[in-house]
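What follows is a single structure, written as structure tokens, with notes after it.
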Amino acid sequence: MSGQRVAVTGVGIVSSLGFNAPDTFRALSAGERGLSPISLFDPGDVRSKLVGEVRGLDLAEVARPAEILEFSRTDAMAVLAAREATLQAKLPAEKRLGVALGGTTGGMFETEAVLSSSELLSISQARAEQLLTYPLSASLRRVVKSVGGARVARSICSACSGGAIALVQAVAWLRSGEVDFALAGGADGLCRLTLLGFNSLGATDPAPCRPFDRARAGLNLGEGAALLLLEREESAVRRGVEVLAWLDGFAVGAEAHHITHPDPAGTRARALLREAMQRAGMSAATLSYVNAHGTGTAQNDAMEAQALLDVLGEASARTFVSSSKAQLGHTLGAAGAIEAAVTVLALCRGVVPPTVGLSDPELSGLRHVPERGVNAALTSALSSSFGFGGMSCVLAFAHAGVPA
């Protein structure tokens with residue numbers, strides 16, 4: 001089983017640009033931004049109130065009436081994405097399934113509403129017990145319950161790379177034969193802790209962010225969820241379902257340089273990019289596209305752009321590079337999964353999404369896609385996640401028509 005390719009047969013996305021994958025990708029390709037002033041709460045006097053908020057999220061459409069008070073926004077987004085992915089993949093009722101979900105704050109938004117109010121002074125036992133339903137693992141439990149049949153499940157918290165590393169966990173389960181199907185990705189909702197924390201770091205941009213631009217001034221936060229349904233090649237062929245892309249390679253590692261700043265030398269980033277391609281049997285000469293981490297912060301973008309130039313070499317002039325965070329915001333634990341899903345859609349639809357707001361790249365040599373998506377015959381792609389604390393992951397995908 002270890003030698004079999006891993007097929008992506010389902011994709012689900014909830015983002016500030018849409019409640020499903022087609023709508024999100026269509027808006028991304030058109031260059032639309034899902035950024036607006038936050039309406040969930042008043043963050044006070046902060047550097048930036050501009051976020052990628054999922055507006056119109058109705059918990060009543062996701063949870064049963066008896067469960068609504070126990071559902072967080074993160075839970076709801078994760079369940080919606082899971083439903084879309086499993087429906088597209090035609091996941092059978094009888095299955096051996098694994099579920100892996102990355103995240104960072106889970107139901108923090110819901111608990112903050114109590115912790116910052118006078119209710120805490122006279123909270124009832126019932127209300128206190130309700131607050132205990134919002135740990136990070138709660139979203140995983142909601143997804144497991146919604147799809148049923150999970151024999152193994154894991155929550156993964158590795159900062160901004162959690163959603164991507166969840167996919168690596170899924171591949172490990174499939175290749176070991178522990179499961180026949182794996183649902184993996186990430187989900188994270190906005191909350192005060194996140195917004196105020198990044199504000200204290202001075203890392204947010206008051207204006208719409210501009211990844212890789214010389215005038216970039218920080219990131220915009222966002223929220224959302226994405227889950228991908230993975231299965232072994234023989235399973236997809238036997239069931240006659242469409243293979244959207246192959247997840248052929250990956251690399252996971254940490255650099256332990258600084259809790260928030262990446263190593264400016266980019267040593268580990270370069271190593272992970274090369275390792276993911278090597279594991280997938282790719283080379284810089286055959287790579288078509290990189291969905292970059294591209295946060296819009298000074299340190300990340302400088303490091304990542306140089307690492308890409310070094311790894312791509314002469315191929316840098318023809319390999320497309322873009323960042324989705326300029327349109328969706330940085331969705332933290334969901335980012336790696338959302339961007340992996342976008343990468344899969346780019347491959348199967350032959351469209352490279354843009355880096356909106358990029359007009360003056362700090363480093364020349366990379367083939368950036370500004371403002372609007374472009375049509376291109378893509379054969380292979382990387383999706384990069386370089387998280388806080390140096391917790392990083394690179395995923396390597398191939399077009400469904402590309403041989404192993």
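Each chain in the structure tokens gets a letter, A, B, ..., in the order shown, and its residues are numbered from 1; ligands are numbered from 1 in order too.
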
Query raised in the report: Could you name the residues that touch Phe386 of chain A at 8 Å or less, counting only C-alpha atoms, but leaving out those on the same chain fewer than 2 positions away, as number ranges by chain?
Result: A: 160-161, 262, 269, 293, 384, 388, 390-393

Query - Near-segment 329-340 of chain A list (6 Å; only C-alpha atoms; drop same-chain fewer than 6 positions) as a PyMOL selection string - result: chain A and resi 52+102-104+159-164+185-188+220-223+225-226+383+385

Exercise: Arg214 of chain A partners within 12 Å, only C-alpha atoms, chain neighbours under 2 positions left out, as a compact mmCIF listing (two decimals) with C-alpha atoms, in the first residue's frame:
# COMPACT_ATOMS: atom_id res chain seq x y z
CA CYS A 209 -2.28 43.59 2.39
CA ARG A 210 0.20 43.31 -0.50
CA PRO A 211 2.23 40.08 -0.32
CA PHE A 212 5.70 40.29 -1.87
CA ARG A 216 3.96 45.78 2.06
CA ALA A 217 3.08 46.71 5.65
CA GLY A 218 1.79 43.53 7.25
CA GLY A 296 2.51 40.33 3.47
CA THR A 297 4.87 40.77 6.44
CA ALA A 298 8.34 42.14 5.85
CA GLN A 299 10.23 39.16 7.28
CA ASP A 301 7.99 37.58 2.24
CA ALA A 302 11.66 38.53 1.99
CA ALA A 305 10.90 35.06 -2.14
CA GLY A 357 -2.25 44.30 -4.62
CA LEU A 358 1.20 43.34 -5.87
CA SER A 359 2.58 46.06 -8.15
CA ASP A 360 6.26 46.41 -7.23
CA PRO A 361 7.92 43.10 -6.24
CA GLU A 362 10.80 43.52 -3.82
CA LEU A 363 12.80 40.83 -5.62
CA SER A 364 12.76 40.44 -9.38

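Comparing A:Pro403, A:Pro43, A:Gly197, A:Gly365 by their smallest distance to Asp248 of chain A, the closest is A:Pro403 (using only C-alpha atoms).
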
Query raised in the report: So which residues of segment 183-376 of chain A fall under helix (DSSP H, G or I) by DSSP, listed as a PyMOL selection string?
Result: chain A and resi 192-200+233-239+267-280+298-317+325-328+332-349

Please produce a file of the residues just selected, as a tab-separated table (two decimals), in the first residue's frame, where the atoms kept are C-alpha atoms.
chain	number	residue	atom	x	y	z
A	192	ARG	CA	-10.16	38.87	20.04
A	193	LEU	CA	-7.06	36.96	21.10
A	194	THR	CA	-5.91	36.60	17.51
A	195	LEU	CA	-6.66	40.16	16.43
A	196	LEU	CA	-5.18	41.81	19.51
A	197	GLY	CA	-2.21	39.47	19.53
A	198	PHE	CA	-1.18	40.30	15.99
A	199	ASN	CA	-1.88	43.95	16.71
A	200	SER	CA	0.58	43.84	19.61
A	233	GLU	CA	-5.38	5.37	-6.31
A	234	GLU	CA	-6.88	1.88	-6.53
A	235	SER	CA	-9.86	3.01	-4.46
A	236	ALA	CA	-10.59	6.01	-6.67
A	237	VAL	CA	-10.28	3.91	-9.83
A	238	ARG	CA	-12.48	1.13	-8.44
A	239	ARG	CA	-15.19	3.58	-7.39
A	267	THR	CA	17.63	27.59	5.12
A	268	ARG	CA	14.80	25.35	6.33
A	269	ALA	CA	12.30	26.75	3.82
A	270	ARG	CA	14.63	25.89	0.94
A	271	ALA	CA	15.21	22.41	2.34
A	272	LEU	CA	11.50	21.70	2.68
A	273	LEU	CA	10.69	22.94	-0.81
A	274	ARG	CA	13.37	20.65	-2.25
A	275	GLU	CA	12.38	17.69	-0.07
A	276	ALA	CA	8.70	17.90	-1.07
A	277	MET	CA	9.63	17.99	-4.77
A	278	GLN	CA	12.10	15.14	-4.38
A	279	ARG	CA	9.55	12.96	-2.60
A	280	ALA	CA	7.07	13.68	-5.40
A	298	ALA	CA	8.34	42.14	5.85
A	299	GLN	CA	10.23	39.16	7.28
A	300	ASN	CA	8.23	36.29	5.78
A	301	ASP	CA	7.99	37.58	2.24
A	302	ALA	CA	11.66	38.53	1.99
A	303	MET	CA	12.72	35.09	3.24
A	304	GLU	CA	10.24	33.18	1.10
A	305	ALA	CA	10.90	35.06	-2.14
A	306	GLN	CA	14.63	34.47	-1.83
A	307	ALA	CA	14.11	30.79	-0.96
A	308	LEU	CA	11.95	30.35	-4.06
A	309	LEU	CA	14.51	32.05	-6.28
A	310	ASP	CA	17.24	29.80	-4.90
A	311	VAL	CA	15.22	26.59	-5.31
A	312	LEU	CA	13.72	27.36	-8.72
A	313	GLY	CA	16.91	28.72	-10.25
A	314	GLU	CA	16.55	29.22	-13.99
A	315	ALA	CA	12.95	27.95	-13.79
A	316	SER	CA	11.90	30.92	-11.64
A	317	ALA	CA	11.08	33.01	-14.71
A	325	LYS	CA	-3.84	35.76	1.64
A	326	ALA	CA	-4.27	39.11	-0.10
A	327	GLN	CA	-7.88	38.09	-0.77
A	328	LEU	CA	-8.82	35.72	2.06
A	332	LEU	CA	-4.04	30.72	10.68
A	333	GLY	CA	-4.68	26.98	11.29
A	334	ALA	CA	-6.96	26.86	8.25
A	335	ALA	CA	-4.51	28.60	5.90
A	336	GLY	CA	-2.47	25.56	4.87
A	337	ALA	CA	-5.63	23.59	4.08
A	338	ILE	CA	-7.40	26.40	2.21
A	339	GLU	CA	-4.31	27.07	0.13
A	340	ALA	CA	-3.83	23.35	-0.57
A	341	ALA	CA	-7.44	23.22	-1.76
A	342	VAL	CA	-6.88	26.29	-3.95
A	343	THR	CA	-3.78	24.63	-5.40
A	344	VAL	CA	-5.77	21.51	-6.28
A	345	LEU	CA	-8.44	23.61	-7.97
A	346	ALA	CA	-5.78	25.57	-9.88
A	347	LEU	CA	-4.38	22.30	-11.24
A	348	CYS	CA	-7.67	20.75	-12.28
A	349	ARG	CA	-9.13	23.97	-13.72

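Among the candidates A:Asn291, A:His399, A:Val369, A:Val352, the one nearest to Leu382 of chain A when counting only C-alpha atoms is A:Asn291.
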
Query raised in the report: Looking only at the backbone, which of the residues in segment 232-354 of chain A does DSSP tag as strand (DSSP E or B), as a ChimeraX atom specification?
Result: /A:232,245-253,289-291,320-322,330,351-352

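Minimum atom-to-atom distances from A:Pro353, A:Val143, A:Val243, A:Phe320 to Ala63 of chain A were compared using only C-alpha atoms, and the lowest value belongs to A:Val143.
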
Report task. Kindly give the distance, in Å, that separates atom CA of Gln4 of chain A and atom CA of Arg141 of chain A, rounded to a single decimal. Result -> 29.1 Å

Query raised in the report: In terms of the shortest atom-to-atom distance over only C-alpha atoms, which of A:Ala377, A:Val171, A:Ala81, A:Ala166 is closest to Gly10 of chain A?
Result: A:Ala81

Query raised in the report: Which is closer to Ser158 of chain A than all the others in A:Ala66, A:Ala215, A:Leu227, A:Leu101, using only C-alpha atoms?
Result: A:Leu101

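Counting only C-alpha atoms and comparing A:Leu244, A:Leu50, A:Val402, A:Ala285, the residue that lies closest to Thr9 of chain A is A:Leu244.
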
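Once Asp180 of chain A and its same-chain neighbours fewer than 2 positions away are set aside, Lys95, Arg96, Leu97, Leu174, Gly177, Ala182 and Glu231 of chain A remain within 7 Å of it when counting only C-alpha atoms.
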
File of the preceding selection, all heavy atoms, as a PDB file, in the first residue's frame:
ATOM      1  N   LYS A  95     -17.304   2.740   5.467  1.00  0.00           N
ATOM      2  CA  LYS A  95     -15.927   3.091   5.119  1.00  0.00           C
ATOM      3  C   LYS A  95     -15.040   3.038   6.357  1.00  0.00           C
ATOM      4  O   LYS A  95     -15.512   3.165   7.483  1.00  0.00           O
ATOM      5  CB  LYS A  95     -15.838   4.481   4.492  1.00  0.00           C
ATOM      6  CG  LYS A  95     -16.089   5.652   5.452  1.00  0.00           C
ATOM      7  CD  LYS A  95     -17.534   6.041   5.535  1.00  0.00           C
ATOM      8  CE  LYS A  95     -17.758   7.316   6.331  1.00  0.00           C
ATOM      9  NZ  LYS A  95     -19.191   7.617   6.506  1.00  0.00           N
ATOM     10  N   ARG A  96     -13.757   2.853   6.102  1.00  0.00           N
ATOM     11  CA  ARG A  96     -12.749   3.005   7.161  1.00  0.00           C
ATOM     12  C   ARG A  96     -12.132   4.378   6.941  1.00  0.00           C
ATOM     13  O   ARG A  96     -11.365   4.591   6.012  1.00  0.00           O
ATOM     14  CB  ARG A  96     -11.689   1.914   7.071  1.00  0.00           C
ATOM     15  CG  ARG A  96     -12.211   0.497   7.280  1.00  0.00           C
ATOM     16  CD  ARG A  96     -11.070  -0.477   7.484  1.00  0.00           C
ATOM     17  NE  ARG A  96     -10.048  -0.310   6.462  1.00  0.00           N
ATOM     18  CZ  ARG A  96      -8.747  -0.528   6.658  1.00  0.00           C
ATOM     19  NH1 ARG A  96      -8.303  -0.909   7.848  1.00  0.00           N
ATOM     20  NH2 ARG A  96      -7.868  -0.371   5.670  1.00  0.00           N
ATOM     21  N   LEU A  97     -12.478   5.297   7.833  1.00  0.00           N
ATOM     22  CA  LEU A  97     -12.153   6.706   7.625  1.00  0.00           C
ATOM     23  C   LEU A  97     -11.254   7.248   8.733  1.00  0.00           C
ATOM     24  O   LEU A  97     -11.419   6.931   9.907  1.00  0.00           O
ATOM     25  CB  LEU A  97     -13.454   7.517   7.582  1.00  0.00           C
ATOM     26  CG  LEU A  97     -13.331   9.045   7.483  1.00  0.00           C
ATOM     27  CD1 LEU A  97     -12.807   9.452   6.111  1.00  0.00           C
ATOM     28  CD2 LEU A  97     -14.684   9.703   7.757  1.00  0.00           C
ATOM     29  N   LEU A 174      -3.233   6.497   5.129  1.00  0.00           N
ATOM     30  CA  LEU A 174      -3.571   5.782   3.905  1.00  0.00           C
ATOM     31  C   LEU A 174      -2.457   4.839   3.485  1.00  0.00           C
ATOM     32  O   LEU A 174      -2.710   3.685   3.102  1.00  0.00           O
ATOM     33  CB  LEU A 174      -3.860   6.782   2.783  1.00  0.00           C
ATOM     34  CG  LEU A 174      -5.181   7.560   2.893  1.00  0.00           C
ATOM     35  CD1 LEU A 174      -5.197   8.735   1.917  1.00  0.00           C
ATOM     36  CD2 LEU A 174      -6.376   6.643   2.639  1.00  0.00           C
ATOM     37  N   GLY A 177      -2.244   1.687   5.472  1.00  0.00           N
ATOM     38  CA  GLY A 177      -3.393   0.802   5.378  1.00  0.00           C
ATOM     39  C   GLY A 177      -4.339   0.894   6.553  1.00  0.00           C
ATOM     40  O   GLY A 177      -5.289   0.118   6.658  1.00  0.00           O
ATOM     41  N   ALA A 182      -9.432   9.352   3.949  1.00  0.00           N
ATOM     42  CA  ALA A 182      -8.991  10.304   4.972  1.00  0.00           C
ATOM     43  C   ALA A 182      -9.531  11.687   4.629  1.00  0.00           C
ATOM     44  O   ALA A 182      -9.395  12.154   3.489  1.00  0.00           O
ATOM     45  CB  ALA A 182      -7.467  10.344   5.068  1.00  0.00           C
ATOM     46  N   GLU A 231      -7.832   9.429  -0.862  1.00  0.00           N
ATOM     47  CA  GLU A 231      -7.928   7.967  -0.903  1.00  0.00           C
ATOM     48  C   GLU A 231      -6.828   7.429  -1.799  1.00  0.00           C
ATOM     49  O   GLU A 231      -6.226   8.171  -2.580  1.00  0.00           O
ATOM     50  CB  GLU A 231      -9.297   7.505  -1.404  1.00  0.00           C
ATOM     51  CG  GLU A 231      -9.689   8.031  -2.780  1.00  0.00           C
ATOM     52  CD  GLU A 231     -11.135   7.693  -3.124  1.00  0.00           C
ATOM     53  OE1 GLU A 231     -11.421   6.498  -3.339  1.00  0.00           O
ATOM     54  OE2 GLU A 231     -11.960   8.638  -3.183  1.00  0.00           O
TER      55      GLU A 231
END

Which neighbours of Gly107 of chain A fall inside 7 Å, counting only C-alpha atoms, when residues of the same chain fewer than 2 positions from it are skipped, and could you give them as a short mmCIF file (atom, residue, chain, number, x, y, z; two decimals) with all heavy atoms, in the first residue's frame?
data_model
loop_
_atom_site.label_atom_id
_atom_site.label_comp_id
_atom_site.auth_asym_id
_atom_site.auth_seq_id
_atom_site.Cartn_x
_atom_site.Cartn_y
_atom_site.Cartn_z
N SER A 72 -19.39 26.30 17.84
CA SER A 72 -18.65 27.54 17.59
C SER A 72 -18.68 27.84 16.10
O SER A 72 -19.04 26.99 15.28
CB SER A 72 -17.20 27.40 18.06
OG SER A 72 -16.49 26.50 17.21
N THR A 74 -16.08 28.17 14.33
CA THR A 74 -15.08 27.26 13.77
C THR A 74 -15.68 25.89 13.49
O THR A 74 -15.44 25.30 12.43
CB THR A 74 -13.88 27.14 14.71
OG1 THR A 74 -13.32 28.44 14.94
CG2 THR A 74 -12.80 26.25 14.11
N THR A 105 -7.30 28.31 17.43
CA THR A 105 -8.12 28.93 18.47
C THR A 105 -9.46 28.26 18.68
O THR A 105 -10.09 28.45 19.73
CB THR A 105 -8.37 30.42 18.16
OG1 THR A 105 -9.02 30.53 16.88
CG2 THR A 105 -7.06 31.19 18.12
N PHE A 109 -13.58 32.50 20.27
CA PHE A 109 -14.49 33.64 20.14
C PHE A 109 -15.68 33.50 21.07
O PHE A 109 -16.10 34.47 21.72
CB PHE A 109 -14.95 33.76 18.68
CG PHE A 109 -16.10 34.71 18.48
CD1 PHE A 109 -15.91 36.08 18.62
CD2 PHE A 109 -17.37 34.25 18.17
CE1 PHE A 109 -16.97 36.97 18.45
CE2 PHE A 109 -18.42 35.12 17.99
CZ PHE A 109 -18.22 36.48 18.13
N GLU A 110 -16.22 32.30 21.16
CA GLU A 110 -17.41 32.08 21.99
C GLU A 110 -17.09 32.18 23.48
O GLU A 110 -17.90 32.72 24.26
CB GLU A 110 -18.02 30.71 21.67
CG GLU A 110 -18.77 30.66 20.34
CD GLU A 110 -17.86 30.67 19.11
OE1 GLU A 110 -16.65 30.37 19.25
OE2 GLU A 110 -18.36 30.97 18.01
N THR A 111 -15.94 31.70 23.90
CA THR A 111 -15.58 31.78 25.32
C THR A 111 -15.21 33.21 25.71
O THR A 111 -15.46 33.63 26.84
CB THR A 111 -14.42 30.84 25.66
OG1 THR A 111 -13.30 31.14 24.83
CG2 THR A 111 -14.82 29.40 25.45
N TYR A 134 -15.94 23.98 24.13
CA TYR A 134 -15.23 24.73 23.10
C TYR A 134 -13.72 24.52 23.06
O TYR A 134 -12.98 25.43 22.70
CB TYR A 134 -15.48 26.24 23.28
CG TYR A 134 -16.91 26.67 23.09
CD1 TYR A 134 -17.54 27.44 24.06
CD2 TYR A 134 -17.63 26.33 21.95
CE1 TYR A 134 -18.86 27.86 23.90
CE2 TYR A 134 -18.94 26.74 21.78
CZ TYR A 134 -19.55 27.51 22.75
OH TYR A 134 -20.84 27.92 22.58
N PRO A 135 -13.21 23.36 23.43
CA PRO A 135 -11.76 23.18 23.28
C PRO A 135 -11.39 23.07 21.80
O PRO A 135 -12.26 22.93 20.93
CB PRO A 135 -11.49 21.86 24.01
CG PRO A 135 -12.77 21.11 23.85
CD PRO A 135 -13.85 22.15 23.95
N LEU A 136 -10.10 23.12 21.50
CA LEU A 136 -9.65 23.04 20.12
C LEU A 136 -10.15 21.77 19.45
O LEU A 136 -10.49 21.77 18.26
CB LEU A 136 -8.11 23.10 20.07
CG LEU A 136 -7.49 23.05 18.68
CD1 LEU A 136 -7.94 24.25 17.85
CD2 LEU A 136 -5.98 23.01 18.78
#

**Report entry** Residue contacts of Val144 of chain A (10 Å, only C-alpha atoms) excluding same-chain residues fewer than 5 positions away, as a list in words
**Finding:** Val79, Ala82, Leu97, Gly98, Val99, Ala100, Ala138, Ser139, Gly149, Ala150, Arg151, Val152, Ala153 and Leu183 of chain A
